[in-house]
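Data from upload.csv: CSV, C-alpha atoms
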```csv
chain,number,residue,atom,x,y,z
A,1,MET,CA,-170.1,58.7,209.6
A,2,ASP,CA,-170.6,61.6,207.1
A,3,GLU,CA,-173.2,63.9,208.7
A,4,ARG,CA,-174.7,64.7,205.2
A,5,PHE,CA,-176.0,61.2,204.8
A,6,TRP,CA,-178.6,59.1,206.6
A,7,HIS,CA,-177.2,56.9,209.4
A,8,THR,CA,-178.5,53.5,210.3
A,9,ALA,CA,-178.5,53.5,214.2
A,10,ALA,CA,-180.2,50.1,214.7
A,11,ARG,CA,-181.9,47.4,212.7
A,12,ARG,CA,-184.3,44.5,213.6
A,13,VAL,CA,-185.6,41.7,211.5
A,14,VAL,CA,-189.4,41.4,211.2
A,15,PHE,CA,-189.5,38.6,208.5
A,16,ASP,CA,-186.8,36.3,207.1
A,17,GLN,CA,-187.0,33.7,204.4
A,18,PRO,CA,-183.3,33.0,203.7
A,19,PRO,CA,-181.7,33.4,201.3
A,20,TRP,CA,-184.5,35.0,199.3
A,21,VAL,CA,-186.1,37.8,201.3
A,22,ARG,CA,-185.5,39.5,204.6
A,23,LEU,CA,-187.6,42.5,205.9
A,24,GLU,CA,-185.9,44.8,208.4
A,25,LEU,CA,-187.0,47.9,210.3
A,26,HIS,CA,-184.2,50.4,210.6
A,27,GLU,CA,-183.8,53.3,213.1
A,28,VAL,CA,-182.5,56.0,210.8
A,29,HIS,CA,-180.9,59.3,211.9
A,30,LEU,CA,-181.2,62.1,209.4
A,31,PRO,CA,-178.7,64.9,208.9
A,32,ASP,CA,-181.0,67.5,210.4
A,33,GLY,CA,-181.5,65.5,213.6
A,34,ARG,CA,-184.8,63.8,212.8
A,35,VAL,CA,-185.1,60.2,213.7
A,36,ILE,CA,-187.2,57.7,211.8
A,37,PRO,CA,-187.7,54.7,214.1
A,38,ASP,CA,-189.1,52.1,211.7
A,39,TRP,CA,-187.8,52.7,208.2
A,40,ALA,CA,-188.7,49.5,206.2
A,41,TRP,CA,-185.8,47.9,204.4
A,42,VAL,CA,-185.9,44.9,202.1
A,43,GLU,CA,-182.9,42.6,201.6
A,44,THR,CA,-182.9,40.4,198.5
A,45,PRO,CA,-179.9,38.7,196.8
A,46,ASP,CA,-177.8,40.6,194.3
A,47,PHE,CA,-178.3,39.5,190.7
A,48,VAL,CA,-176.7,39.8,187.3
A,49,ASN,CA,-178.3,40.5,183.9
A,50,VAL,CA,-176.3,40.1,180.7
A,51,ALA,CA,-176.9,41.5,177.2
A,52,VAL,CA,-175.4,39.0,174.8
A,53,GLN,CA,-174.2,39.5,171.3
A,54,ASP,CA,-173.1,36.7,169.0
A,55,GLU,CA,-170.2,36.9,166.5
A,56,HIS,CA,-172.5,38.6,164.0
A,57,GLY,CA,-173.5,41.4,166.4
A,58,ASP,CA,-177.1,40.0,166.9
A,59,PHE,CA,-178.5,40.0,170.4
A,60,LEU,CA,-179.5,36.7,172.0
A,61,CYS,CA,-182.6,37.2,174.2
A,62,PHE,CA,-185.4,35.1,175.7
A,63,ARG,CA,-189.1,35.2,175.4
A,64,GLN,CA,-190.4,34.3,178.8
A,65,THR,CA,-192.7,35.2,181.6
A,66,LYS,CA,-192.1,36.2,185.3
A,67,TYR,CA,-194.4,36.2,188.3
A,68,ALA,CA,-194.4,40.0,188.5
A,69,ILE,CA,-195.3,40.7,184.9
A,70,SER,CA,-198.4,40.1,182.8
A,71,GLY,CA,-198.1,37.8,179.8
A,72,TRP,CA,-194.9,37.3,177.8
A,73,SER,CA,-191.8,39.5,177.7
A,74,LEU,CA,-188.5,39.8,176.0
A,75,ALA,CA,-185.8,39.1,178.6
A,76,THR,CA,-182.0,39.0,179.1
A,77,ILE,CA,-180.2,36.1,180.6
A,78,GLY,CA,-179.5,36.5,184.3
A,79,GLY,CA,-180.0,35.3,187.9
A,80,TYR,CA,-179.0,35.7,191.5
A,81,LEU,CA,-175.4,35.6,192.5
A,82,HIS,CA,-174.4,32.3,194.2
A,83,SER,CA,-172.5,32.4,197.5
A,84,GLY,CA,-168.9,33.5,197.0
A,85,GLU,CA,-169.3,34.5,193.4
A,86,THR,CA,-168.2,37.8,191.9
A,87,PRO,CA,-170.7,39.5,189.6
A,88,LEU,CA,-168.6,38.6,186.6
A,89,GLN,CA,-168.4,35.0,187.6
A,90,ALA,CA,-172.1,34.9,188.0
A,91,ALA,CA,-172.6,36.5,184.6
A,92,GLN,CA,-170.3,34.0,182.9
A,93,ARG,CA,-172.0,31.1,184.7
A,94,GLU,CA,-175.5,32.3,183.6
A,95,LEU,CA,-174.3,32.7,180.0
A,96,LEU,CA,-173.1,29.1,180.1
A,97,GLU,CA,-176.1,27.6,181.9
A,98,GLU,CA,-178.8,29.5,180.1
A,99,LEU,CA,-177.4,29.7,176.6
A,100,GLY,CA,-174.5,27.2,176.6
A,101,CYS,CA,-172.2,30.0,175.5
A,102,VAL,CA,-168.9,31.5,176.4
A,103,ALA,CA,-167.7,35.0,175.4
A,104,PRO,CA,-164.2,36.6,175.1
A,105,ILE,CA,-165.4,40.2,175.6
A,106,TRP,CA,-167.1,41.4,178.8
A,107,ILE,CA,-168.1,45.0,179.2
A,108,ALA,CA,-169.3,46.2,182.6
A,109,LEU,CA,-172.5,48.2,182.4
A,110,GLY,CA,-172.6,49.2,186.0
A,111,SER,CA,-173.9,48.1,189.4
A,112,TYR,CA,-177.1,49.6,190.7
A,113,ALA,CA,-179.2,49.7,193.9
A,114,VAL,CA,-182.7,48.6,192.9
A,115,ASP,CA,-184.8,50.7,195.3
A,116,GLY,CA,-183.3,53.9,196.6
A,117,ASN,CA,-185.5,53.8,199.7
A,118,ARG,CA,-185.9,50.1,200.5
A,119,GLY,CA,-182.8,48.4,199.1
A,120,ALA,CA,-184.0,45.3,197.4
A,121,GLY,CA,-180.6,44.1,196.3
A,122,ARG,CA,-178.1,45.3,193.7
A,123,GLY,CA,-178.2,44.5,190.0
A,124,HIS,CA,-174.9,44.0,188.1
A,125,PHE,CA,-175.2,44.4,184.3
A,126,TRP,CA,-172.9,43.2,181.6
A,127,LEU,CA,-172.5,43.2,177.9
A,128,ALA,CA,-171.0,39.9,176.6
A,129,ARG,CA,-169.7,40.2,173.0
A,130,GLU,CA,-168.8,37.6,170.4
A,131,ALA,CA,-170.6,34.8,172.3
A,132,ARG,CA,-170.3,31.4,170.8
A,133,THR,CA,-172.0,28.1,171.7
A,134,VAL,CA,-169.9,25.4,173.4
A,135,GLN,CA,-172.5,23.1,175.0
A,136,ALA,CA,-176.3,22.6,175.3
A,137,PRO,CA,-178.1,25.0,177.7
A,138,ASN,CA,-178.8,23.6,181.2
A,139,ALA,CA,-180.9,26.2,183.1
A,140,ASP,CA,-182.8,25.3,186.2
A,141,ASP,CA,-185.1,28.3,186.1
A,142,LEU,CA,-188.7,27.8,187.0
A,143,GLU,CA,-190.0,29.6,183.9
A,144,PRO,CA,-189.8,28.3,180.4
A,145,GLN,CA,-187.5,30.3,178.1
A,146,GLU,CA,-187.5,30.5,174.3
A,147,LEU,CA,-184.4,31.8,172.5
A,148,VAL,CA,-184.9,34.9,170.3
A,149,ARG,CA,-182.2,36.4,168.1
A,150,LEU,CA,-182.6,40.2,167.5
A,151,SER,CA,-180.6,42.7,165.5
A,152,ARG,CA,-179.5,45.9,167.2
A,153,GLU,CA,-182.3,47.8,165.4
A,154,GLU,CA,-184.9,45.2,166.5
A,155,VAL,CA,-183.7,45.6,170.2
A,156,ARG,CA,-184.1,49.3,169.9
A,157,ARG,CA,-187.6,49.0,168.6
A,158,ALA,CA,-188.5,46.4,171.2
A,159,LEU,CA,-187.3,48.9,173.9
A,160,ASP,CA,-189.4,51.6,172.3
A,161,GLU,CA,-192.4,49.4,172.5
A,162,GLY,CA,-191.9,48.3,176.1
A,163,ALA,CA,-191.3,44.7,175.1
A,164,PHE,CA,-188.7,44.2,177.8
A,165,LYS,CA,-191.3,44.4,180.6
A,166,LEU,CA,-189.0,44.1,183.6
A,167,LEU,CA,-186.9,47.1,184.8
A,168,PRO,CA,-183.5,45.2,185.0
A,169,TRP,CA,-184.0,43.7,181.5
A,170,ALA,CA,-184.9,47.1,179.9
A,171,ALA,CA,-182.0,48.8,181.8
A,172,CYS,CA,-179.5,46.2,180.8
A,173,MET,CA,-180.4,46.3,177.1
A,174,ALA,CA,-180.7,50.1,176.9
A,175,LEU,CA,-177.2,50.5,178.5
A,176,ALA,CA,-175.9,47.8,176.1
A,177,LEU,CA,-177.2,49.7,173.1
A,178,LEU,CA,-175.4,52.8,174.2
A,179,ARG,CA,-172.1,50.8,174.0
A,180,THR,CA,-172.7,49.2,170.6
B,1,MET,CA,-206.4,31.9,183.9
B,2,ASP,CA,-203.8,31.0,181.3
B,3,GLU,CA,-202.2,27.7,182.3
B,4,ARG,CA,-198.8,28.7,181.0
B,5,PHE,CA,-198.4,31.3,183.7
B,6,TRP,CA,-198.1,31.2,187.5
B,7,HIS,CA,-201.4,31.6,189.3
B,8,THR,CA,-201.9,33.3,192.7
B,9,ALA,CA,-204.2,31.0,194.6
B,10,ALA,CA,-204.1,32.8,198.0
B,11,ARG,CA,-202.3,35.7,199.7
B,12,ARG,CA,-201.8,36.7,203.3
B,13,VAL,CA,-200.2,39.8,204.7
B,14,VAL,CA,-197.3,39.3,207.1
B,15,PHE,CA,-196.2,43.0,207.4
B,16,ASP,CA,-197.9,46.2,206.5
B,17,GLN,CA,-196.7,49.8,206.8
B,18,PRO,CA,-199.3,51.7,204.6
B,19,PRO,CA,-198.9,53.2,202.1
B,20,TRP,CA,-195.2,52.4,201.9
B,21,VAL,CA,-194.4,48.7,202.2
B,22,ARG,CA,-196.5,45.6,202.5
B,23,LEU,CA,-195.0,42.1,202.6
B,24,GLU,CA,-197.3,39.2,201.5
B,25,LEU,CA,-196.9,35.5,201.2
B,26,HIS,CA,-198.6,34.0,198.2
B,27,GLU,CA,-199.7,30.5,197.5
B,28,VAL,CA,-198.6,30.1,193.9
B,29,HIS,CA,-199.6,27.4,191.5
B,30,LEU,CA,-197.1,26.6,188.7
B,31,PRO,CA,-198.0,25.5,185.2
B,32,ASP,CA,-196.5,22.0,185.9
B,33,GLY,CA,-198.7,21.4,188.9
B,34,ARG,CA,-196.2,22.3,191.6
B,35,VAL,CA,-197.4,24.5,194.5
B,36,ILE,CA,-195.3,27.1,196.3
B,37,PRO,CA,-197.1,27.8,199.6
B,38,ASP,CA,-195.1,30.8,200.8
B,39,TRP,CA,-193.8,32.9,197.8
B,40,ALA,CA,-192.7,36.2,199.3
B,41,TRP,CA,-194.1,39.3,197.6
B,42,VAL,CA,-193.4,43.0,198.3
B,43,GLU,CA,-195.9,45.7,197.6
B,44,THR,CA,-194.5,49.3,197.3
B,45,PRO,CA,-196.0,52.3,195.5
B,46,ASP,CA,-195.6,52.9,191.8
B,47,PHE,CA,-193.3,55.7,191.0
B,48,VAL,CA,-192.2,57.9,188.1
B,49,ASN,CA,-188.8,59.1,186.9
B,50,VAL,CA,-188.4,61.8,184.3
B,51,ALA,CA,-185.4,62.6,182.1
B,52,VAL,CA,-185.7,66.4,181.5
B,53,GLN,CA,-184.3,68.4,178.6
B,54,ASP,CA,-184.4,72.2,178.5
B,55,GLU,CA,-185.0,74.2,175.3
B,56,HIS,CA,-181.3,73.9,174.4
B,57,GLY,CA,-181.3,70.1,174.6
B,58,ASP,CA,-179.3,70.0,177.9
B,59,PHE,CA,-180.5,67.5,180.6
B,60,LEU,CA,-181.5,68.8,184.0
B,61,CYS,CA,-180.5,66.4,186.7
B,62,PHE,CA,-179.8,66.4,190.4
B,63,ARG,CA,-176.8,65.5,192.5
B,64,GLN,CA,-178.2,63.9,195.6
B,65,THR,CA,-178.0,60.9,197.9
B,66,LYS,CA,-180.5,58.2,198.8
B,67,TYR,CA,-180.6,55.8,201.8
B,68,ALA,CA,-179.8,52.7,199.6
B,69,ILE,CA,-176.7,54.2,197.9
B,70,SER,CA,-173.3,55.1,199.1
B,71,GLY,CA,-172.2,58.7,198.8
B,72,TRP,CA,-173.5,61.1,196.1
B,73,SER,CA,-175.2,60.2,192.8
B,74,LEU,CA,-176.5,61.9,189.7
B,75,ALA,CA,-180.3,61.5,189.8
B,76,THR,CA,-183.4,62.1,187.7
B,77,ILE,CA,-186.5,63.9,189.1
B,78,GLY,CA,-189.2,61.5,190.3
B,79,GLY,CA,-191.3,60.2,193.1
B,80,TYR,CA,-194.2,58.0,194.1
B,81,LEU,CA,-197.6,58.4,192.5
B,82,HIS,CA,-200.1,60.1,194.6
B,83,SER,CA,-203.6,58.5,195.1
B,84,GLY,CA,-205.7,58.9,191.9
B,85,GLU,CA,-202.9,60.2,189.7
B,86,THR,CA,-202.0,58.8,186.3
B,87,PRO,CA,-198.2,58.3,185.7
B,88,LEU,CA,-198.2,61.3,183.4
B,89,GLN,CA,-199.9,63.5,186.0
B,90,ALA,CA,-197.4,62.4,188.6
B,91,ALA,CA,-194.5,63.1,186.2
B,92,GLN,CA,-195.8,66.6,185.4
B,93,ARG,CA,-196.3,67.3,189.1
B,94,GLU,CA,-192.8,66.2,190.0
B,95,LEU,CA,-191.4,68.3,187.2
B,96,LEU,CA,-193.2,71.4,188.6
B,97,GLU,CA,-192.4,70.6,192.3
B,98,GLU,CA,-188.8,69.6,191.9
B,99,LEU,CA,-187.6,71.9,189.1
B,100,GLY,CA,-190.4,74.6,188.9
B,101,CYS,CA,-190.7,73.6,185.2
B,102,VAL,CA,-193.4,72.7,182.7
B,103,ALA,CA,-192.7,71.0,179.3
B,104,PRO,CA,-194.8,70.8,176.1
B,105,ILE,CA,-193.4,67.5,174.9
B,106,TRP,CA,-193.8,64.2,176.9
B,107,ILE,CA,-192.4,60.9,175.5
B,108,ALA,CA,-193.3,57.7,177.3
B,109,LEU,CA,-190.3,55.6,178.0
B,110,GLY,CA,-192.2,52.6,179.3
B,111,SER,CA,-193.6,51.1,182.5
B,112,TYR,CA,-191.7,48.3,184.2
B,113,ALA,CA,-192.1,45.9,187.0
B,114,VAL,CA,-189.1,46.5,189.4
B,115,ASP,CA,-188.5,42.9,190.6
B,116,GLY,CA,-189.6,40.0,188.5
B,117,ASN,CA,-190.0,37.7,191.5
B,118,ARG,CA,-191.1,40.0,194.3
B,119,GLY,CA,-193.0,42.8,192.6
B,120,ALA,CA,-191.7,45.9,194.5
B,121,GLY,CA,-193.9,48.3,192.5
B,122,ARG,CA,-193.8,49.6,188.9
B,123,GLY,CA,-191.7,52.4,187.5
B,124,HIS,CA,-193.1,54.7,184.8
B,125,PHE,CA,-190.4,56.6,182.9
B,126,TRP,CA,-190.8,59.7,180.8
B,127,LEU,CA,-188.7,62.1,178.7
B,128,ALA,CA,-189.9,65.7,179.0
B,129,ARG,CA,-188.5,68.0,176.3
B,130,GLU,CA,-188.2,71.8,176.0
B,131,ALA,CA,-188.8,72.2,179.7
B,132,ARG,CA,-188.9,75.9,180.9
B,133,THR,CA,-189.0,77.4,184.3
B,134,VAL,CA,-192.3,78.9,185.5
B,135,GLN,CA,-191.9,79.1,189.3
B,136,ALA,CA,-189.4,78.3,192.1
B,137,PRO,CA,-189.0,74.6,193.0
B,138,ASN,CA,-190.9,73.4,196.0
B,139,ALA,CA,-189.9,69.9,196.7
B,140,ASP,CA,-190.7,68.2,200.0
B,141,ASP,CA,-188.1,65.4,199.6
B,142,LEU,CA,-186.1,64.3,202.6
B,143,GLU,CA,-182.8,64.4,200.8
B,144,PRO,CA,-181.1,67.6,199.6
B,145,GLN,CA,-180.9,68.0,195.8
B,146,GLU,CA,-178.5,70.2,193.8
B,147,LEU,CA,-179.3,71.0,190.2
B,148,VAL,CA,-176.8,69.8,187.5
B,149,ARG,CA,-177.1,70.7,183.8
B,150,LEU,CA,-175.5,68.1,181.5
B,151,SER,CA,-175.1,67.8,177.7
B,152,ARG,CA,-176.2,64.6,176.0
B,153,GLU,CA,-172.6,63.6,175.7
B,154,GLU,CA,-172.0,64.3,179.5
B,155,VAL,CA,-175.0,62.1,180.3
B,156,ARG,CA,-173.7,59.3,178.1
B,157,ARG,CA,-170.3,59.5,179.8
B,158,ALA,CA,-171.9,59.6,183.3
B,159,LEU,CA,-173.8,56.4,182.5
B,160,ASP,CA,-170.6,54.8,181.3
B,161,GLU,CA,-169.0,55.7,184.6
B,162,GLY,CA,-171.9,54.5,186.8
B,163,ALA,CA,-172.6,58.0,188.1
B,164,PHE,CA,-176.4,57.3,188.1
B,165,LYS,CA,-176.2,54.8,191.0
B,166,LEU,CA,-179.8,53.9,191.3
B,167,LEU,CA,-181.4,51.4,188.8
B,168,PRO,CA,-184.5,53.5,187.9
B,169,TRP,CA,-182.3,56.6,187.4
B,170,ALA,CA,-179.9,54.8,185.1
B,171,ALA,CA,-182.7,53.1,183.2
B,172,CYS,CA,-184.6,56.3,182.7
B,173,MET,CA,-181.6,58.2,181.4
B,174,ALA,CA,-180.4,55.4,179.2
B,175,LEU,CA,-183.8,55.0,177.6
B,176,ALA,CA,-184.0,58.7,177.1
B,177,LEU,CA,-180.7,58.8,175.3
B,178,LEU,CA,-181.9,56.2,172.9
B,179,ARG,CA,-184.7,58.6,172.0
B,180,THR,CA,-182.6,61.8,171.5
```
For the structure just supplied, provide its representation as structure tokens.
Amino acid sequence: MDERFWHTAARRVVFDQPPWVRLELHEVHLPDGRVIPDWAWVETPDFVNVAVQDEHGDFLCFRQTKYAISGWSLATIGGYLHSGETPLQAAQRELLEELGCVAPIWIALGSYAVDGNRGAGRGHFWLAREARTVQAPNADDLEPQELVRLSREEVRRALDEGAFKLLPWAACMALALLRT
Amino acid sequence: MDERFWHTAARRVVFDQPPWVRLELHEVHLPDGRVIPDWAWVETPDFVNVAVQDEHGDFLCFRQTKYAISGWSLATIGGYLHSGETPLQAAQRELLEELGCVAPIWIALGSYAVDGNRGAGRGHFWLAREARTVQAPNADDLEPQELVRLSREEVRRALDEGAFKLLPWAACMALALLRT
């Protein structure tokens, strides 16, 4: 235990809907001796998001909706990790399921805690380059998705306009543009 | 009600720790007629993050820790919105409190839902340019913060290396680099 960091002394579960959401209360000890007896902590599954470029350098995105956003949004492919998967395996599975593609080049864009205070899972971001279609898509997502092909400049403008409405989508695409 | 989107038919609170975290279960009606009776939804406050450039174009960041991350991280300034504040007012307050600075140029980098399925608040991101010091910092944050001054190229390399470990910090800085 490093005394400069917060220390979790105890945790109790107050709500559990496995494997999707678990709410815990943590007894947290601060470096200055203070104790927070009921720090709320949210456990949700880790997920991947993938910025996908085809062989011409265009980006393959979706137009779709999500429960937490209003109206339509541009979106990346992505989803929760399955049990036992590495983030890269999950990213490659999602690319195949959602777009029917494989890609020879995978660039890691980082792994990030979603909420610095509450947890809420980790997002693992990838850039897949030179993606090519090998089969029909076969996604089981609850929301309809429409394929959208965008140039690098169109992605940059879409980010400027806030057209990627979800934080992980915007982060993944912005990080990808800094690598391309 | 647009029939292409999910519709919240009812909501009940299963945990509440105001104003920080509220867990709700929503009865959600899907466009195809399916009903999800207990969709978990997390309410947390909206927050701001600000990428700050000084008059020389260098970025002012922090080195700090957070409960959800391991070890130290590079960080942006930021925090929760106070009651009645607009996102820009909160961003300007945080710049003054955490860095003792004001800035004449504020560029909106977008507002994003954090978790597409669960909610978890909205992040509002800003780029503040030509920031200058007008008073001593006076932050009330629980975690210690050390000021770090980085060139644009150093920020880009830090993003490549995953040195901004929290999703809103990395997203804010990546979006800022695309504008500078």
**Study point:** Contact residues (chain A, partner chain B, 6 Å, all atoms listed in the file) as an MDAnalysis selection string
**Key:** chainID A and resid 66:68 110 112:114 116:117 119 162 165:167 171 174:175
**Study point:** 12 Å contact set for Gln53 of chain A, only C-alpha atoms, chain neighbours under 6 positions out, as an NGL selection string
**Key:** :A and (59-61 or 76-77 or 95 or 99 or 101-107 or 126-133 or 148-152 or 155 or 173 or 176-177 or 179-180)
Write out, as a PDB file, in the coordinates of the input, the residues just selected, with C-alpha atoms.
```
ATOM      1  CA  PHE A  59    -178.500  40.000 170.400  1.00  0.00           C
ATOM      2  CA  LEU A  60    -179.500  36.700 172.000  1.00  0.00           C
ATOM      3  CA  CYS A  61    -182.600  37.200 174.200  1.00  0.00           C
ATOM      4  CA  THR A  76    -182.000  39.000 179.100  1.00  0.00           C
ATOM      5  CA  ILE A  77    -180.200  36.100 180.600  1.00  0.00           C
ATOM      6  CA  LEU A  95    -174.300  32.700 180.000  1.00  0.00           C
ATOM      7  CA  LEU A  99    -177.400  29.700 176.600  1.00  0.00           C
ATOM      8  CA  CYS A 101    -172.200  30.000 175.500  1.00  0.00           C
ATOM      9  CA  VAL A 102    -168.900  31.500 176.400  1.00  0.00           C
ATOM     10  CA  ALA A 103    -167.700  35.000 175.400  1.00  0.00           C
ATOM     11  CA  PRO A 104    -164.200  36.600 175.100  1.00  0.00           C
ATOM     12  CA  ILE A 105    -165.400  40.200 175.600  1.00  0.00           C
ATOM     13  CA  TRP A 106    -167.100  41.400 178.800  1.00  0.00           C
ATOM     14  CA  ILE A 107    -168.100  45.000 179.200  1.00  0.00           C
ATOM     15  CA  TRP A 126    -172.900  43.200 181.600  1.00  0.00           C
ATOM     16  CA  LEU A 127    -172.500  43.200 177.900  1.00  0.00           C
ATOM     17  CA  ALA A 128    -171.000  39.900 176.600  1.00  0.00           C
ATOM     18  CA  ARG A 129    -169.700  40.200 173.000  1.00  0.00           C
ATOM     19  CA  GLU A 130    -168.800  37.600 170.400  1.00  0.00           C
ATOM     20  CA  ALA A 131    -170.600  34.800 172.300  1.00  0.00           C
ATOM     21  CA  ARG A 132    -170.300  31.400 170.800  1.00  0.00           C
ATOM     22  CA  THR A 133    -172.000  28.100 171.700  1.00  0.00           C
ATOM     23  CA  VAL A 148    -184.900  34.900 170.300  1.00  0.00           C
ATOM     24  CA  ARG A 149    -182.200  36.400 168.100  1.00  0.00           C
ATOM     25  CA  LEU A 150    -182.600  40.200 167.500  1.00  0.00           C
ATOM     26  CA  SER A 151    -180.600  42.700 165.500  1.00  0.00           C
ATOM     27  CA  ARG A 152    -179.500  45.900 167.200  1.00  0.00           C
ATOM     28  CA  VAL A 155    -183.700  45.600 170.200  1.00  0.00           C
ATOM     29  CA  MET A 173    -180.400  46.300 177.100  1.00  0.00           C
ATOM     30  CA  ALA A 176    -175.900  47.800 176.100  1.00  0.00           C
ATOM     31  CA  LEU A 177    -177.200  49.700 173.100  1.00  0.00           C
ATOM     32  CA  ARG A 179    -172.100  50.800 174.000  1.00  0.00           C
ATOM     33  CA  THR A 180    -172.700  49.200 170.600  1.00  0.00           C
TER      34      THR A 180
END
```
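Computed from the coordinates, the atom CA of Glu146 of chain B to atom CA of Arg93 of chain B distance equals 18.6 Å.
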Practice item. Find the residues around Val48 of chain A up to 8 Å (only C-alpha atoms counted), leave out those fewer than 6 positions away in its own chain, and share them as a PyMOL selection string. Key: chain A and resi 78-81+87+90-91+123-126
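Here atom CA of Gly84 of chain B and atom CA of Glu43 of chain A stand 29.7 Å from one another.
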Exercise for review: Mind giving me the straight-line distance from atom CA of Ala75 of chain A to atom CA of Glu153 of chain B in Å, one decimal?
Suggested key: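 That distance, rounded to one decimal, is 28.0 Å.
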Let me have the centre and edge lengths in Å, one decimal, of the box along x, y and z around every listed atom of segment 175-179 of chain B with 8 Å of margin on each side, as lines of an AutoDock Vina configuration file.
```
center_x = -182.7
center_y = 56.9
center_z = 174.8
size_x = 20.0
size_y = 19.8
size_z = 21.6
```
